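Undergrad: Data: query-v8.cif, mmCIF, C-alpha atoms.
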```cif
data_start
loop_
_atom_site.group_PDB
_atom_site.id
_atom_site.type_symbol
_atom_site.label_atom_id
_atom_site.label_comp_id
_atom_site.auth_asym_id
_atom_site.auth_seq_id
_atom_site.Cartn_x
_atom_site.Cartn_y
_atom_site.Cartn_z
ATOM 1 C CA MET A 1 -33.598 -56.135 11.457
ATOM 2 C CA TYR A 2 -34.798 -56.817 7.899
ATOM 3 C CA LEU A 3 -34.478 -54.168 5.192
ATOM 4 C CA GLY A 4 -36.556 -54.186 2.024
ATOM 5 C CA ILE A 5 -35.061 -51.815 -0.545
ATOM 6 C CA ASP A 6 -36.981 -51.001 -3.730
ATOM 7 C CA THR A 7 -34.244 -49.554 -5.946
ATOM 8 C CA HIS A 8 -34.556 -47.117 -8.815
ATOM 9 C CA LYS A 9 -32.036 -45.308 -10.982
ATOM 10 C CA ARG A 10 -31.611 -42.287 -8.693
ATOM 11 C CA TYR A 11 -33.404 -43.146 -5.456
ATOM 12 C CA SER A 12 -34.556 -46.099 -3.334
ATOM 13 C CA GLN A 13 -37.543 -46.714 -1.070
ATOM 14 C CA VAL A 14 -36.580 -48.440 2.182
ATOM 15 C CA ALA A 15 -38.656 -50.346 4.738
ATOM 16 C CA VAL A 16 -37.100 -51.650 7.963
ATOM 17 C CA VAL A 17 -38.940 -54.449 9.794
ATOM 18 C CA ASN A 18 -38.001 -55.986 13.161
ATOM 19 C CA GLY A 19 -38.072 -59.658 14.149
ATOM 20 C CA ASP A 20 -41.775 -59.447 15.058
ATOM 21 C CA GLY A 21 -42.703 -58.099 11.621
ATOM 22 C CA ASN A 22 -43.369 -54.560 12.770
ATOM 23 C CA VAL A 23 -42.252 -51.680 10.541
ATOM 24 C CA GLN A 24 -39.579 -49.638 12.343
ATOM 25 C CA GLU A 25 -38.704 -47.161 9.603
ATOM 26 C CA GLU A 26 -39.783 -46.153 6.103
ATOM 27 C CA SER A 27 -37.855 -43.666 4.003
ATOM 28 C CA ARG A 28 -37.056 -42.619 0.468
ATOM 29 C CA LEU A 29 -33.362 -41.893 -0.038
ATOM 30 C CA PRO A 30 -31.122 -40.783 -2.903
ATOM 31 C CA ASN A 31 -28.924 -43.740 -3.840
ATOM 32 C CA ASP A 32 -25.782 -41.871 -2.795
ATOM 33 C CA ARG A 33 -27.100 -41.900 0.808
ATOM 34 C CA LEU A 34 -27.767 -45.636 0.990
ATOM 35 C CA GLU A 35 -24.318 -46.301 2.434
ATOM 36 C CA GLU A 36 -25.231 -44.221 5.506
ATOM 37 C CA LEU A 37 -28.295 -46.430 5.974
ATOM 38 C CA ALA A 38 -26.225 -49.596 5.509
ATOM 39 C CA GLU A 39 -23.722 -48.446 8.121
ATOM 40 C CA GLN A 40 -26.566 -47.650 10.520
ATOM 41 C CA TYR A 41 -27.907 -51.223 10.240
ATOM 42 C CA THR A 42 -24.558 -53.031 9.876
ATOM 43 C CA GLY A 43 -25.020 -56.805 10.118
ATOM 44 C CA ALA A 44 -28.752 -56.749 9.329
ATOM 45 C CA GLU A 45 -30.356 -58.614 6.435
ATOM 46 C CA ALA A 46 -31.466 -56.737 3.322
ATOM 47 C CA ALA A 47 -33.251 -57.596 0.075
ATOM 48 C CA ILE A 48 -33.130 -55.842 -3.290
ATOM 49 C CA GLU A 49 -34.492 -56.934 -6.654
ATOM 50 C CA ALA A 50 -32.220 -57.844 -9.567
ATOM 51 C CA SER A 51 -33.062 -54.821 -11.718
ATOM 52 C CA GLY A 52 -30.988 -53.414 -14.548
ATOM 53 C CA HIS A 53 -29.154 -51.062 -12.190
ATOM 54 C CA TYR A 54 -28.692 -53.219 -9.100
ATOM 55 C CA ARG A 55 -24.934 -53.896 -9.374
ATOM 56 C CA PRO A 56 -23.376 -50.772 -7.776
ATOM 57 C CA ILE A 57 -26.065 -50.702 -5.071
ATOM 58 C CA TYR A 58 -25.636 -54.395 -4.279
ATOM 59 C CA GLU A 59 -21.850 -54.130 -4.061
ATOM 60 C CA MET A 60 -22.052 -51.091 -1.772
ATOM 61 C CA LEU A 61 -24.681 -52.599 0.551
ATOM 62 C CA ASP A 62 -22.855 -55.930 0.671
ATOM 63 C CA GLU A 63 -19.967 -54.227 2.494
ATOM 64 C CA HIS A 64 -22.209 -53.725 5.551
ATOM 65 C CA LEU A 65 -25.311 -55.936 5.222
ATOM 66 C CA ASP A 66 -26.227 -59.552 4.458
ATOM 67 C CA VAL A 67 -27.823 -58.834 1.082
ATOM 68 C CA THR A 68 -30.233 -61.131 -0.750
ATOM 69 C CA LEU A 69 -30.566 -60.419 -4.473
ATOM 70 C CA VAL A 70 -34.161 -61.243 -5.362
ATOM 71 C CA ASN A 71 -35.335 -62.786 -8.639
ATOM 72 C CA PRO A 72 -38.419 -60.639 -9.418
ATOM 73 C CA SER A 73 -39.888 -63.058 -11.973
ATOM 74 C CA LYS A 74 -40.007 -65.841 -9.365
ATOM 75 C CA ASN A 75 -41.542 -63.720 -6.619
ATOM 76 C CA ARG A 76 -45.004 -63.376 -8.121
ATOM 77 C CA ILE A 77 -46.497 -61.974 -4.920
ATOM 78 C CA ILE A 78 -44.508 -58.817 -5.687
ATOM 79 C CA ALA A 79 -44.473 -58.940 -9.483
ATOM 80 C CA ASP A 80 -48.237 -59.567 -9.792
ATOM 81 C CA ALA A 81 -49.442 -57.542 -6.811
ATOM 82 C CA ALA A 82 -52.664 -55.582 -7.357
ATOM 83 C CA VAL A 83 -51.276 -52.632 -5.409
ATOM 84 C CA LYS A 84 -47.783 -51.665 -6.534
ATOM 85 C CA THR A 85 -46.110 -48.625 -5.084
ATOM 86 C CA ASP A 86 -42.494 -48.154 -4.048
ATOM 87 C CA ARG A 87 -43.543 -48.074 -0.386
ATOM 88 C CA VAL A 88 -45.645 -51.252 -0.651
ATOM 89 C CA ASP A 89 -42.953 -53.117 -2.615
ATOM 90 C CA ALA A 90 -40.230 -52.215 -0.102
ATOM 91 C CA LYS A 91 -42.398 -53.381 2.795
ATOM 92 C CA ARG A 92 -43.263 -56.653 1.014
ATOM 93 C CA LEU A 93 -39.570 -57.303 0.367
ATOM 94 C CA ALA A 94 -38.732 -56.810 4.042
ATOM 95 C CA LEU A 95 -41.592 -59.010 5.277
ATOM 96 C CA MET A 96 -40.872 -61.803 2.781
ATOM 97 C CA LEU A 97 -37.188 -61.645 3.691
ATOM 98 C CA ARG A 98 -38.094 -62.064 7.358
ATOM 99 C CA ALA A 99 -40.311 -65.051 6.465
ATOM 100 C CA ASP A 100 -37.584 -66.574 4.239
ATOM 101 C CA MET A 101 -39.981 -66.581 1.271
ATOM 102 C CA LEU A 102 -37.809 -64.870 -1.355
ATOM 103 C CA ALA A 103 -36.415 -66.623 -4.430
ATOM 104 C CA GLU A 104 -32.804 -65.543 -4.731
ATOM 105 C CA SER A 105 -31.075 -64.463 -7.918
ATOM 106 C CA TYR A 106 -27.551 -65.722 -8.562
ATOM 107 C CA VAL A 107 -24.698 -63.330 -7.782
ATOM 108 C CA PRO A 108 -21.565 -64.541 -9.602
ATOM 109 C CA PRO A 109 -18.035 -64.064 -8.235
ATOM 110 C CA ASP A 110 -16.047 -61.016 -9.319
ATOM 111 C CA GLU A 111 -14.180 -62.689 -12.201
ATOM 112 C CA ILE A 112 -17.453 -63.928 -13.735
ATOM 113 C CA ARG A 113 -19.125 -60.540 -13.250
ATOM 114 C CA GLU A 114 -16.209 -58.817 -14.978
ATOM 115 C CA LEU A 115 -16.307 -61.248 -17.916
ATOM 116 C CA ARG A 116 -20.088 -60.786 -18.145
ATOM 117 C CA ASP A 117 -19.608 -57.006 -18.271
ATOM 118 C CA LEU A 118 -17.017 -57.360 -21.043
ATOM 119 C CA VAL A 119 -19.092 -59.635 -23.301
ATOM 120 C CA ARG A 120 -22.297 -57.655 -22.773
ATOM 121 C CA THR A 121 -20.505 -54.372 -23.508
ATOM 122 C CA ARG A 122 -19.045 -55.854 -26.692
ATOM 123 C CA LYS A 123 -22.520 -57.010 -27.756
ATOM 124 C CA SER A 124 -23.925 -53.530 -27.107
ATOM 125 C CA LEU A 125 -21.168 -51.820 -29.114
ATOM 126 C CA VAL A 126 -21.574 -54.261 -32.017
ATOM 127 C CA GLU A 127 -25.301 -53.480 -32.111
ATOM 128 C CA GLU A 128 -24.603 -49.736 -32.063
ATOM 129 C CA ARG A 129 -22.029 -50.148 -34.841
ATOM 130 C CA THR A 130 -24.597 -52.053 -36.892
ATOM 131 C CA ALA A 131 -27.024 -49.155 -36.420
ATOM 132 C CA GLU A 132 -24.385 -46.741 -37.772
ATOM 133 C CA LYS A 133 -23.797 -48.975 -40.788
ATOM 134 C CA ASN A 134 -27.526 -49.065 -41.463
ATOM 135 C CA ARG A 135 -27.562 -45.246 -41.432
ATOM 136 C CA VAL A 136 -24.902 -45.228 -44.148
ATOM 137 C CA ARG A 137 -26.985 -47.684 -46.188
ATOM 138 C CA ALA A 138 -30.040 -45.459 -45.684
ATOM 139 C CA VAL A 139 -28.196 -42.487 -47.239
ATOM 140 C CA LEU A 140 -27.209 -44.604 -50.255
ATOM 141 C CA THR A 141 -30.781 -45.843 -50.679
ATOM 142 C CA ARG A 142 -32.141 -42.304 -50.446
ATOM 143 C CA THR A 143 -29.665 -41.102 -53.097
ATOM 144 C CA ASN A 144 -30.441 -44.072 -55.394
ATOM 145 C CA ASN A 145 -26.933 -45.524 -55.167
ATOM 146 C CA THR A 146 -26.802 -49.298 -55.551
ATOM 147 C CA TYR A 147 -24.160 -51.243 -53.651
ATOM 148 C CA ASP A 148 -22.946 -54.732 -52.846
ATOM 149 C CA SER A 149 -23.271 -56.105 -49.314
ATOM 150 C CA GLU A 150 -19.622 -55.334 -48.537
ATOM 151 C CA LEU A 151 -19.422 -51.621 -47.738
ATOM 152 C CA PHE A 152 -17.137 -51.221 -44.765
ATOM 153 C CA GLY A 153 -13.968 -53.142 -45.634
ATOM 154 C CA PRO A 154 -11.171 -51.728 -47.843
ATOM 155 C CA THR A 155 -13.078 -52.344 -51.099
ATOM 156 C CA GLY A 156 -16.286 -50.870 -49.723
ATOM 157 C CA ARG A 157 -14.492 -47.784 -48.422
ATOM 158 C CA GLU A 158 -13.014 -47.182 -51.897
ATOM 159 C CA PHE A 159 -16.498 -47.504 -53.380
ATOM 160 C CA LEU A 160 -17.903 -44.959 -50.907
ATOM 161 C CA ALA A 161 -15.027 -42.526 -51.524
ATOM 162 C CA GLU A 162 -15.652 -42.549 -55.292
ATOM 163 C CA LEU A 163 -19.420 -42.014 -55.107
ATOM 164 C CA SER A 164 -20.875 -38.849 -56.552
ATOM 165 C CA LEU A 165 -22.679 -37.260 -53.608
ATOM 166 C CA SER A 166 -23.773 -33.829 -52.491
ATOM 167 C CA ASP A 167 -21.624 -32.085 -49.896
ATOM 168 C CA THR A 168 -24.315 -32.699 -47.275
ATOM 169 C CA ASP A 169 -24.613 -36.433 -47.983
ATOM 170 C CA ARG A 170 -20.814 -36.791 -48.135
ATOM 171 C CA THR A 171 -20.511 -35.089 -44.732
ATOM 172 C CA ILE A 172 -23.209 -37.352 -43.243
ATOM 173 C CA ILE A 173 -21.584 -40.536 -44.546
ATOM 174 C CA GLU A 174 -18.118 -39.508 -43.365
ATOM 175 C CA ALA A 175 -19.522 -38.710 -39.920
ATOM 176 C CA HIS A 176 -21.047 -42.188 -39.667
ATOM 177 C CA LEU A 177 -17.847 -43.821 -40.973
ATOM 178 C CA SER A 178 -15.830 -41.982 -38.328
ATOM 179 C CA VAL A 179 -18.135 -43.325 -35.604
ATOM 180 C CA ILE A 180 -17.877 -46.835 -37.078
ATOM 181 C CA ASP A 181 -14.075 -46.602 -36.982
ATOM 182 C CA GLU A 182 -14.218 -45.637 -33.303
ATOM 183 C CA TYR A 183 -16.532 -48.560 -32.572
ATOM 184 C CA ASP A 184 -14.104 -50.866 -34.420
ATOM 185 C CA GLN A 185 -11.260 -49.756 -32.157
ATOM 186 C CA GLN A 186 -13.254 -50.120 -28.942
ATOM 187 C CA ILE A 187 -14.628 -53.522 -29.956
ATOM 188 C CA GLU A 188 -11.118 -54.723 -30.798
ATOM 189 C CA ARG A 189 -9.891 -53.606 -27.351
ATOM 190 C CA LEU A 190 -12.721 -55.481 -25.670
ATOM 191 C CA GLU A 191 -12.061 -58.597 -27.756
ATOM 192 C CA GLU A 192 -8.417 -58.600 -26.692
ATOM 193 C CA LYS A 193 -9.445 -58.493 -23.026
ATOM 194 C CA ILE A 194 -12.069 -61.187 -23.580
ATOM 195 C CA GLU A 195 -9.536 -63.406 -25.350
ATOM 196 C CA ARG A 196 -7.145 -63.110 -22.399
ATOM 197 C CA ARG A 197 -9.939 -64.099 -20.011
ATOM 198 C CA VAL A 198 -10.774 -67.091 -22.208
ATOM 199 C CA LEU A 199 -7.151 -68.231 -22.212
ATOM 200 C CA GLU A 200 -7.115 -68.039 -18.400
ATOM 201 C CA SER A 201 -10.409 -69.926 -17.982
ATOM 202 C CA PRO A 202 -10.272 -73.763 -17.865
ATOM 203 C CA ALA A 203 -14.039 -73.850 -18.448
ATOM 204 C CA ALA A 204 -13.769 -71.710 -21.594
ATOM 205 C CA GLN A 205 -10.900 -73.850 -22.896
ATOM 206 C CA ARG A 206 -13.085 -76.941 -22.551
ATOM 207 C CA LEU A 207 -15.886 -75.222 -24.452
ATOM 208 C CA LEU A 208 -13.506 -74.459 -27.311
ATOM 209 C CA THR A 209 -13.214 -78.223 -27.942
ATOM 210 C CA ILE A 210 -16.831 -78.152 -29.194
ATOM 211 C CA PRO A 211 -17.027 -77.579 -32.967
ATOM 212 C CA GLY A 212 -18.821 -74.292 -33.551
ATOM 213 C CA VAL A 213 -17.780 -72.621 -30.299
ATOM 214 C CA GLY A 214 -15.388 -69.679 -30.732
ATOM 215 C CA GLN A 215 -13.568 -67.328 -28.371
ATOM 216 C CA TYR A 216 -16.455 -64.904 -27.963
ATOM 217 C CA THR A 217 -19.245 -67.465 -27.672
ATOM 218 C CA ALA A 218 -17.177 -69.469 -25.165
ATOM 219 C CA ALA A 219 -16.811 -66.285 -23.108
ATOM 220 C CA VAL A 220 -20.563 -65.605 -23.271
ATOM 221 C CA ILE A 221 -21.398 -69.147 -22.143
ATOM 222 C CA VAL A 222 -18.941 -69.050 -19.230
ATOM 223 C CA ALA A 223 -20.093 -65.570 -18.180
ATOM 224 C CA GLU A 224 -23.785 -66.421 -18.288
ATOM 225 C CA VAL A 225 -23.589 -69.908 -16.758
ATOM 226 C CA GLY A 226 -21.262 -68.864 -13.956
ATOM 227 C CA GLU A 227 -20.351 -71.595 -11.485
ATOM 228 C CA ILE A 228 -21.623 -74.907 -12.847
ATOM 229 C CA GLU A 229 -21.892 -76.279 -9.295
ATOM 230 C CA ARG A 230 -25.062 -74.257 -8.728
ATOM 231 C CA PHE A 231 -26.921 -76.597 -11.102
ATOM 232 C CA ASP A 232 -27.693 -80.082 -9.745
ATOM 233 C CA GLU A 233 -28.698 -81.518 -13.113
ATOM 234 C CA ASP A 234 -28.672 -80.635 -16.796
ATOM 235 C CA LYS A 235 -32.416 -79.871 -16.782
ATOM 236 C CA GLN A 236 -31.826 -76.953 -14.420
ATOM 237 C CA LEU A 237 -29.219 -75.467 -16.758
ATOM 238 C CA VAL A 238 -31.507 -75.940 -19.758
ATOM 239 C CA SER A 239 -34.282 -74.139 -17.860
ATOM 240 C CA TYR A 240 -31.889 -71.339 -16.882
ATOM 241 C CA ALA A 241 -31.145 -70.809 -20.575
ATOM 242 C CA GLY A 242 -34.874 -70.721 -21.394
ATOM 243 C CA LEU A 243 -34.456 -73.671 -23.764
ATOM 244 C CA ASP A 244 -36.905 -75.924 -21.928
ATOM 245 C CA PRO A 245 -40.186 -76.609 -23.753
ATOM 246 C CA VAL A 246 -43.420 -75.277 -22.271
ATOM 247 C CA VAL A 247 -45.626 -78.228 -21.276
ATOM 248 C CA HIS A 248 -49.435 -78.003 -21.403
ATOM 249 C CA GLN A 249 -51.229 -80.843 -19.612
ATOM 250 C CA SER A 250 -54.907 -81.664 -19.491
ATOM 251 C CA GLY A 251 -55.850 -84.933 -17.858
ATOM 252 C CA ASP A 252 -53.649 -87.657 -19.313
ATOM 253 C CA LYS A 253 -52.762 -85.593 -22.366
ATOM 254 C CA GLU A 254 -49.461 -83.721 -22.415
ATOM 255 C CA VAL A 255 -48.484 -81.298 -25.188
ATOM 256 C CA ARG A 256 -45.014 -79.767 -25.495
ATOM 257 C CA GLY A 257 -44.966 -76.309 -27.025
ATOM 258 C CA SER A 258 -42.284 -73.769 -27.863
ATOM 259 C CA ILE A 259 -39.367 -73.043 -25.536
ATOM 260 C CA SER A 260 -40.029 -70.967 -22.418
ATOM 261 C CA LYS A 261 -37.428 -68.224 -23.150
ATOM 262 C CA GLU A 262 -37.563 -67.520 -19.388
ATOM 263 C CA GLY A 263 -33.845 -67.399 -18.810
ATOM 264 C CA SER A 264 -30.595 -65.887 -19.951
ATOM 265 C CA ALA A 265 -31.173 -64.418 -23.415
ATOM 266 C CA PRO A 266 -27.411 -63.965 -24.111
ATOM 267 C CA LEU A 267 -26.767 -67.622 -23.240
ATOM 268 C CA ARG A 268 -29.627 -68.775 -25.469
ATOM 269 C CA TRP A 269 -28.356 -66.596 -28.326
ATOM 270 C CA ALA A 270 -24.794 -67.925 -28.023
ATOM 271 C CA LEU A 271 -25.924 -71.549 -28.012
ATOM 272 C CA VAL A 272 -28.072 -71.113 -31.125
ATOM 273 C CA GLN A 273 -25.161 -69.400 -32.911
ATOM 274 C CA CYS A 274 -22.813 -72.243 -31.956
ATOM 275 C CA ALA A 275 -25.339 -74.917 -32.925
ATOM 276 C CA SER A 276 -25.842 -73.332 -36.357
ATOM 277 C CA ILE A 277 -22.133 -73.851 -37.057
ATOM 278 C CA ALA A 278 -21.767 -77.201 -35.267
ATOM 279 C CA VAL A 279 -24.416 -78.949 -37.378
ATOM 280 C CA ARG A 280 -22.169 -78.403 -40.404
ATOM 281 C CA CYS A 281 -18.922 -79.684 -38.887
ATOM 282 C CA ASP A 282 -19.770 -82.069 -36.033
ATOM 283 C CA GLU A 283 -21.042 -85.558 -36.761
ATOM 284 C CA TYR A 284 -22.914 -86.061 -33.482
ATOM 285 C CA LEU A 285 -24.828 -82.773 -33.490
ATOM 286 C CA GLY A 286 -25.141 -82.746 -37.281
ATOM 287 C CA ASN A 287 -26.847 -86.149 -37.346
ATOM 288 C CA PHE A 288 -29.184 -85.125 -34.537
ATOM 289 C CA TYR A 289 -30.136 -81.912 -36.386
ATOM 290 C CA THR A 290 -30.680 -83.697 -39.711
ATOM 291 C CA ARG A 291 -32.955 -86.368 -38.208
ATOM 292 C CA LEU A 292 -35.071 -83.774 -36.434
ATOM 293 C CA LYS A 293 -35.277 -81.420 -39.413
ATOM 294 C CA GLU A 294 -36.803 -84.216 -41.508
ATOM 295 C CA ARG A 295 -39.761 -84.341 -39.098
ATOM 296 C CA LYS A 296 -39.976 -80.709 -37.957
ATOM 297 C CA ASN A 297 -38.385 -77.609 -39.496
ATOM 298 C CA HIS A 298 -35.040 -75.820 -39.390
ATOM 299 C CA GLN A 299 -35.865 -73.483 -36.478
ATOM 300 C CA ILE A 300 -37.192 -76.227 -34.215
ATOM 301 C CA ALA A 301 -34.272 -78.492 -35.121
ATOM 302 C CA ILE A 302 -31.577 -75.865 -34.496
ATOM 303 C CA VAL A 303 -33.071 -74.871 -31.117
ATOM 304 C CA ALA A 304 -33.256 -78.543 -30.103
ATOM 305 C CA THR A 305 -29.618 -78.927 -31.170
ATOM 306 C CA ALA A 306 -28.652 -75.926 -29.033
ATOM 307 C CA ARG A 307 -30.411 -77.600 -26.102
ATOM 308 C CA LYS A 308 -28.541 -80.851 -26.738
ATOM 309 C CA MET A 309 -25.248 -78.930 -26.900
ATOM 310 C CA LEU A 310 -26.051 -77.315 -23.555
ATOM 311 C CA VAL A 311 -26.624 -80.741 -21.983
ATOM 312 C CA SER A 312 -23.170 -81.754 -23.223
ATOM 313 C CA ILE A 313 -21.734 -78.523 -21.799
ATOM 314 C CA PHE A 314 -23.244 -79.306 -18.387
ATOM 315 C CA HIS A 315 -21.510 -82.696 -18.256
ATOM 316 C CA MET A 316 -18.243 -81.319 -19.658
ATOM 317 C CA LEU A 317 -18.022 -78.593 -17.030
ATOM 318 C CA THR A 318 -19.248 -80.822 -14.207
ATOM 319 C CA ARG A 319 -16.748 -83.595 -15.005
ATOM 320 C CA LYS A 320 -14.037 -81.184 -16.203
ATOM 321 C CA GLU A 321 -13.718 -83.042 -19.504
ATOM 322 C CA PRO A 322 -13.352 -81.921 -23.147
ATOM 323 C CA TYR A 323 -16.070 -82.486 -25.711
ATOM 324 C CA ASP A 324 -16.398 -86.216 -26.426
ATOM 325 C CA PRO A 325 -19.863 -87.085 -27.758
ATOM 326 C CA PRO A 326 -21.157 -90.689 -27.847
ATOM 327 C CA GLY A 327 -20.056 -92.768 -30.804
ATOM 328 C CA VAL A 328 -17.360 -90.307 -31.937
ATOM 329 C CA SER A 329 -14.302 -91.193 -29.863
ATOM 330 C CA ALA A 330 -12.538 -94.558 -30.225
#
```
Please go through the file and, once you have read it, give me the structure as structure tokens.

TA:
Amino acid sequence: MYLGIDTHKRYSQVAVVNGDGNVQEESRLPNDRLEELAEQYTGAEAAIEASGHYRPIYEMLDEHLDVTLVNPSKNRIIADAAVKTDRVDAKRLALMLRADMLAESYVPPDEIRELRDLVRTRKSLVEERTAEKNRVRAVLTRTNNTYDSELFGPTGREFLAELSLSDTDRTIIEAHLSVIDEYDQQIERLEEKIERRVLESPAAQRLLTIPGVGQYTAAVIVAEVGEIERFDEDKQLVSYAGLDPVVHQSGDKEVRGSISKEGSAPLRWALVQCASIAVRCDEYLGNFYTRLKERKNHQIAIVATARKMLVSIFHMLTRKEPYDPPGVSA
């Protein structure tokens, strides 16, 4: 049997197809009842799309079924279908699974999934903390209080405490500062766990030999890349990061445009952050960036440098070697 499961936050639409392609069952179930279905069809094949909420469903189904995690962006017959309903999508998944026509999405091992959860949670909390800080700045702007950029360290806290504010504005600022303090504590806890994972990861330790790569960015790269063995060549890894240029071809003319951005956004972000530091302290990457910037501009040059760094990372992880760019050692 082949099960196509179109998952949503609270429910899933299921289509069950037999070996001849005939629909045997169609149902819409609350997600907390999917395990009953999985037990009923133990050993069968199933397909679900890699949505934002797939993880708990995938892990539960995988206990009973042979589950294929589908990359929706690469299965255009589903993504671009003229008729899109839960029932139709579930049936298409089941039929394409039976025909072995589905592009799979990578499911990393548990330790990589856990590291990915840690770094993505940290990123989310940092963004939420930044939003709280911006709310404090908004109060100061509204009350015509000028301030330096440093507001949330010891000096900035003293400045805020001495401001002449109304009781209402003082209460609002203190509420936001309290939330910021809580975010600080939670982020610090996450960073301690991430640091321990980095220390235990040979791949992350190799990445730390690259100038510009720190504990957190090394963790992001390891978490997003996963097992390097799944990439046969550096071009595949570059494409996975969305750092490959879009090529437009007409006849014999070929034009390379901006990067595709069709890949892991966290990985792309981490590489650009690392490259921005590396060009100032690494001779190999710095020279490459400088030469390109003379002909292009900063943004193009820094993205190209991030791509070059990723190619080095591919070979480092594949060969299990530290960073050793051409013309630098010996």

Undergrad: Could you please give me, as number ranges by chain, the residues of protein, DNA or RNA lying at most 12 Å from (-24.2, -88.9, -34.7) in the coordinate frame of the file, considering all atoms listed in the file?

TA: A: 278-279, 281-291, 305, 324-329

Undergrad: Considering all atoms listed in the file, state which residue in the set A:Ala301, A:Val136, A:Val225, A:Ile210 is at the smallest distance from Glu174 of chain A.

TA: A:Val136

Undergrad: Put a box with edges along x, y and z around all the listed atoms of segment 101-111 of chain A, pad it by 6 Å on each side, then give me its centre and sizes in Å, one decimal, as JSON.

TA:
```
{"center_x": -27.1, "center_y": -63.8, "center_z": -5.5, "size_x": 37.8, "size_y": 17.6, "size_z": 25.5}
```

Undergrad: Check what the PyMOL selection byres ((chain A and resi 229-245) around 8) selects in the file above and give those residues as a list in words.

TA: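 Written out, the selection comes to Val225, Glu227, Ile228, Val246, Val247, Arg256, Gly257, Ser258, Ile259, Ser260, Lys261, Glu262, Gly263, Ser264, Ala265, Leu267, Arg268, Val303, Arg307, Leu310, Val311, Phe314, His315 and Thr318 of chain A.
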
Undergrad: Write out as a PDB file with C-alpha atoms, in the frame of the given file each polymer residue whose atoms come within 9 Å of Tyr106 of chain A, counting all atoms listed in the file; drop sequence neighbours fewer than 6 positions from it.

TA:
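The file below, part-v7.pdb, is the result:
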```pdb
ATOM      1  CA  LEU A  69     -30.566 -60.419  -4.473  1.00  0.00           C
ATOM      2  CA  VAL A  70     -34.161 -61.243  -5.362  1.00  0.00           C
ATOM      3  CA  ASN A  71     -35.335 -62.786  -8.639  1.00  0.00           C
ATOM      4  CA  GLY A 226     -21.262 -68.864 -13.956  1.00  0.00           C
ATOM      5  CA  ARG A 230     -25.062 -74.257  -8.728  1.00  0.00           C
TER       6      ARG A 230
END
```

Undergrad: Using all atoms listed in the file, which residue out of A:Ile5, A:Leu317, A:Gly19, A:Phe152 lies closest to Ala99 of chain A?

TA: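 Smallest separation from Ala99 of chain A among the options: A:Gly19.
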
Undergrad: Given the file shown, determine the residues that the PyMOL selection byres ((chain A and resi 159) around 12) selects; report them as a ChimeraX atom specification.

TA: /A:140,145-158,160-165

Undergrad: Can you tell me which residues surround Ala270 of chain A at a distance of at most 8 Å, considering all atoms listed in the file, apart from same-chain residues fewer than 6 positions away, and format the answer as a PyMOL selection string?

TA: chain A and resi 217+220-221

Undergrad: Next, write the just-selected residues to a file, as a short mmCIF file (atom, residue, chain, number, x, y, z; two decimals), keeping the file's coordinate frame, keeping C-alpha atoms as the atom set.

TA:
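Final output, saved to result_18.cif:
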```
data_model
loop_
_atom_site.label_atom_id
_atom_site.label_comp_id
_atom_site.auth_asym_id
_atom_site.auth_seq_id
_atom_site.Cartn_x
_atom_site.Cartn_y
_atom_site.Cartn_z
CA THR A 217 -19.24 -67.46 -27.67
CA VAL A 220 -20.56 -65.60 -23.27
CA ILE A 221 -21.40 -69.15 -22.14
#
```

Undergrad: Could you list, as a ChimeraX atom specification, every residue within 10 Å of Arg10 of chain A, counting all atoms listed in the file and ignoring same-chain residues fewer than 3 positions away?

TA: /A:7,29-32,53

Undergrad: Determine the residue membership of the PyMOL selection byres ((chain A and resi 189-204) around 12) for the file above and supply it as a PyMOL selection string.

TA: chain A and resi 111-126+182-188+205-210+213-228+313-323

Undergrad: Within 8 Å of Ala94 of chain A, counting only C-alpha atoms, which residues show up once you throw out same-chain ones fewer than 6 positions away? Write them as a ChimeraX atom specification, please.

TA: /A:2-5,15-17,46-47

Undergrad: With C-alpha atoms kept, could you save the residues just selected as a PDB file, keeping the file's coordinate frame?

TA:
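Saved file selection_36.pdb follows:
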```
ATOM      1  CA  TYR A   2     -34.798 -56.817   7.899  1.00  0.00           C
ATOM      2  CA  LEU A   3     -34.478 -54.168   5.192  1.00  0.00           C
ATOM      3  CA  GLY A   4     -36.556 -54.186   2.024  1.00  0.00           C
ATOM      4  CA  ILE A   5     -35.061 -51.815  -0.545  1.00  0.00           C
ATOM      5  CA  ALA A  15     -38.656 -50.346   4.738  1.00  0.00           C
ATOM      6  CA  VAL A  16     -37.100 -51.650   7.963  1.00  0.00           C
ATOM      7  CA  VAL A  17     -38.940 -54.449   9.794  1.00  0.00           C
ATOM      8  CA  ALA A  46     -31.466 -56.737   3.322  1.00  0.00           C
ATOM      9  CA  ALA A  47     -33.251 -57.596   0.075  1.00  0.00           C
TER      10      ALA A  47
END
```

Undergrad: Record the distance separating atom CA of Ala275 of chain A and atom CA of Gln299 of chain A, expressed in Å with one decimal.

TA: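 Here the two named atoms are 11.2 Å from each other.
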
Undergrad: What is the distance between atom CA of Glu36 of chain A and atom CA of Asp62 of chain A, in Å to one decimal?

TA: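 Separation of atom CA of Glu36 of chain A and atom CA of Asp62 of chain A: 12.9 Å.
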
Undergrad: Can you work out the spacing between atom CA of Asp66 of chain A and atom CA of Glu45 of chain A in Å, to one decimal?

TA: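 Taking atom CA of Asp66 of chain A as the start and atom CA of Glu45 of chain A as the end point, the length is 4.7 Å.
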
Undergrad: Which one of A:Thr130, A:Gln273, A:Thr168, A:Ser12 sits closest to Thr143 of chain A if you count all atoms listed in the file?

TA: A:Thr168

Undergrad: Give as a list of chain:residue names each residue that has an atom at most 7 Å from (-18.2, -47.7, -40.4) in the file, counting all atoms listed in the file.

TA: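 Residues close enough to count: A:Glu132, A:Lys133, A:Phe152, A:His176, A:Leu177, A:Ser178, A:Val179, A:Ile180, A:Asp181.
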